[in-house]
>>> print(open('work.txt').read())   # compact mmCIF, C-alpha atoms
# COMPACT_ATOMS: atom_id res chain seq x y z
CA MET O 1 1.72 4.57 -9.10
CA PHE O 2 -1.28 4.73 -11.41
CA ALA O 3 0.50 2.56 -14.00
CA LYS O 4 1.20 -0.16 -11.40
CA LEU O 5 -2.42 -0.16 -10.35
CA LEU O 6 -3.62 -0.33 -13.95
CA ILE O 7 -1.28 -3.24 -14.78
CA THR O 8 -2.41 -5.13 -11.69
CA LEU O 9 -6.08 -4.68 -12.58
CA LEU O 10 -5.42 -5.79 -16.17
CA VAL O 11 -3.68 -8.97 -14.97
CA ILE O 12 -6.56 -9.76 -12.60
CA ALA O 13 -9.13 -9.13 -15.35
CA GLY O 14 -7.18 -11.36 -17.74
CA ALA O 15 -7.04 -14.14 -15.15
CA PHE O 16 -10.79 -13.97 -14.59
CA LEU O 17 -11.49 -14.01 -18.32
CA TYR O 18 -9.20 -17.02 -18.74
CA LEU O 19 -10.98 -18.87 -15.95
CA ARG O 20 -14.44 -18.08 -17.28
CA LYS O 21 -13.62 -19.42 -20.75
CA PRO O 22 -15.50 -22.69 -21.20
CA ALA O 23 -13.31 -25.77 -21.37
CA ARG O 24 -13.49 -27.84 -24.54
CA PHE O 25 -13.81 -31.48 -23.68
CA SER O 26 -13.16 -34.21 -26.17
CA ALA O 27 -15.07 -37.44 -26.24
CA GLN O 28 -12.25 -39.21 -24.43
CA THR O 29 -12.04 -36.81 -21.50
CA ARG O 30 -11.98 -38.75 -18.31
CA THR O 31 -13.59 -37.81 -15.05
CA VAL O 32 -10.20 -37.68 -13.33
CA ASP O 33 -8.99 -35.04 -15.81
CA VAL O 34 -12.11 -32.95 -15.20
CA GLY O 35 -11.56 -33.22 -11.44
CA LYS O 36 -7.93 -32.07 -11.79
CA ARG O 37 -8.97 -29.07 -13.87
CA ILE O 38 -11.60 -28.07 -11.32
CA MET O 39 -9.09 -28.44 -8.49
CA LEU O 40 -6.54 -26.29 -10.35
CA ARG O 41 -9.19 -23.67 -10.97
CA TYR O 42 -10.04 -23.53 -7.24
CA ILE O 43 -6.36 -23.28 -6.30
CA PHE O 44 -5.82 -20.45 -8.78
CA MET O 45 -8.90 -18.58 -7.56
CA GLY O 46 -7.69 -19.02 -3.97
CA LEU O 47 -4.27 -17.58 -4.84
CA VAL O 48 -5.91 -14.59 -6.54
CA ALA O 49 -8.14 -14.03 -3.49
CA VAL O 50 -5.20 -14.29 -1.06
CA SER O 51 -3.08 -11.87 -3.11
CA MET O 52 -5.94 -9.36 -3.31
CA LEU O 53 -6.53 -9.66 0.44
CA GLY O 54 -2.81 -9.18 1.11
CA SER O 55 -2.64 -6.13 -1.16
CA THR O 56 -5.67 -4.60 0.52
CA GLY O 57 -4.20 -5.25 3.97
CA TYR O 58 -0.88 -3.70 3.01
CA TRP O 59 -2.61 -0.64 1.52
CA TYR O 60 -4.67 -0.17 4.70
CA TRP O 61 -1.61 -0.56 6.95
CA ASN O 62 0.34 1.98 4.87
CA TRP O 63 -2.57 4.44 4.95
CA GLN O 64 -3.01 4.03 8.71
CA ASP O 65 0.72 4.45 9.39
CA GLY O 66 0.93 7.55 7.19
CA ASN O 67 -1.93 9.23 9.05
CA GLN O 68 -0.39 8.60 12.47
CA VAL O 69 0.29 11.86 14.32
CA VAL O 70 3.83 12.29 15.65
CA ARG O 71 5.57 15.03 17.62
CA VAL O 72 8.36 16.74 15.68
CA THR O 73 10.92 18.80 17.56
CA ILE O 74 13.10 21.14 15.51
CA VAL O 75 16.34 22.19 17.19
CA SER O 76 18.18 25.15 15.67
CA PRO O 77 21.84 25.37 16.75
CA LEU O 78 22.27 28.89 15.37
CA ILE O 79 19.81 30.62 17.71
CA ASP O 80 19.54 27.95 20.45
CA SER O 81 15.80 27.44 20.11
CA THR O 82 13.52 24.45 19.90
CA SER O 83 10.05 24.24 18.40
CA VAL O 84 7.59 21.38 18.80
CA TYR O 85 4.92 20.59 16.21
CA GLN O 86 2.36 17.86 15.65
CA VAL O 87 2.66 16.36 12.18
CA ARG O 88 1.26 13.37 10.29
CA LYS O 89 3.96 10.93 9.19
CA LYS O 90 3.03 11.26 5.52
CA ASP O 91 3.62 15.04 5.70
CA ILE O 92 7.29 14.72 6.71
CA LEU O 93 9.41 15.34 3.63
CA ASN O 94 13.12 15.83 3.10
CA ASN O 95 13.28 19.62 3.51
CA GLN O 96 9.75 20.44 4.63
CA ILE O 97 7.06 19.40 7.10
CA THR O 98 3.37 20.29 7.15
CA THR O 99 1.70 20.50 10.56
CA ILE O 100 -1.80 19.34 11.41
CA ASP O 101 -2.89 22.99 11.29
CA GLY O 102 -1.67 23.28 7.69
CA ILE O 103 1.48 25.29 8.37
CA ASN O 104 4.35 24.50 5.94
CA ILE O 105 7.75 24.62 7.60
CA ARG O 106 10.90 24.54 5.47
CA LEU O 107 13.98 23.10 7.15
CA SER O 108 17.58 24.19 6.72
CA ASN O 109 20.60 21.91 6.67
CA GLN O 110 21.74 23.03 10.13
CA GLU O 111 18.48 22.26 11.93
CA ARG O 112 18.10 18.95 13.73
CA VAL O 113 14.76 17.15 13.59
CA ILE O 114 13.63 14.79 16.35
CA ILE O 115 10.56 12.64 15.69
CA ALA O 116 8.69 11.01 18.58
CA ASN O 117 5.25 9.44 19.03
CA ALA O 118 2.58 11.90 20.12
CA LYS O 119 1.17 11.10 23.54
>>> encode(input="work.txt", output="structure tokens")
Amino acid sequence: MFAKLLITLLVIAGAFLYLRKPARFSAQTRTVDVGKRIMLRYIFMGLVAVSMLGSTGYWYWNWQDGNQVVRVTIVSPLIDSTSVYQVRKKDILNNQITTIDGINIRLSNQERVIIANAK
């Protein structure tokens, strides 16, 4: 995860450095060419801004969804009992859940887990 973030930041930094590099104009540079370059620069900066905004929005949505509290019901067929816990979505793993109170619960293969929205 850290490597992906680092690569993304390096690409963004490289794009900004490329855009800040002064353009070398020859004596025969026309005004139309300068206008096209400026327009391309604005389009590129807009794409960078939109992608950063989209990444930030996705990160926020993922964080918000992971912190949502759900009701987890564990049904054990061996002893005919059910237990209900409140758990954050991000704390539900393959063989283990961690409740809001910090209790770690390990699950067996026979237990059935039912996840519902907390009300």
>>> atom_distance(input="work.txt", atom1="CA of Leu19 (chain O)", atom2="CA of Lys36 (chain O)")
14.2 Å
>>> residues_around(input="work.txt", residues="Leu93 (chain O)", least_positions_apart="2", cutoff="12 Å", atoms="only C-alpha atoms", output="JSON, numbers by chain")
{"O": [87, 88, 89, 90, 91, 95, 96, 97, 98, 99, 104, 105, 106, 107, 113]}
>>> closest_residue(input="work.txt", among="O:Phe16, O:Thr56, O:Asp80, O:Glu111", to="Arg41 (chain O)", atoms="all atoms listed in the file")
O:Phe16
>>> closest_residue(input="work.txt", among="O:Tyr18, O:Arg112, O:Phe2, O:Val48", to="Ser81 (chain O)", atoms="only C-alpha atoms")
O:Arg112
>>> residues_near_point(input="work.txt", point="(7.8, 21.6, 21.2)", cutoff="12 Å", atoms="all atoms listed in the file", output="number ranges by chain")
O: 70-75, 81-87, 113-116, 118
>>> atom_distance(input="work.txt", atom1="CA of Asp101 (chain O)", atom2="CA of Asn67 (chain O)")
14.0 Å
>>> closest_residue(input="work.txt", among="O:Ala15, O:Gly102, O:Thr8, O:Ser108", to="Ser55 (chain O)", atoms="all atoms listed in the file")
O:Thr8
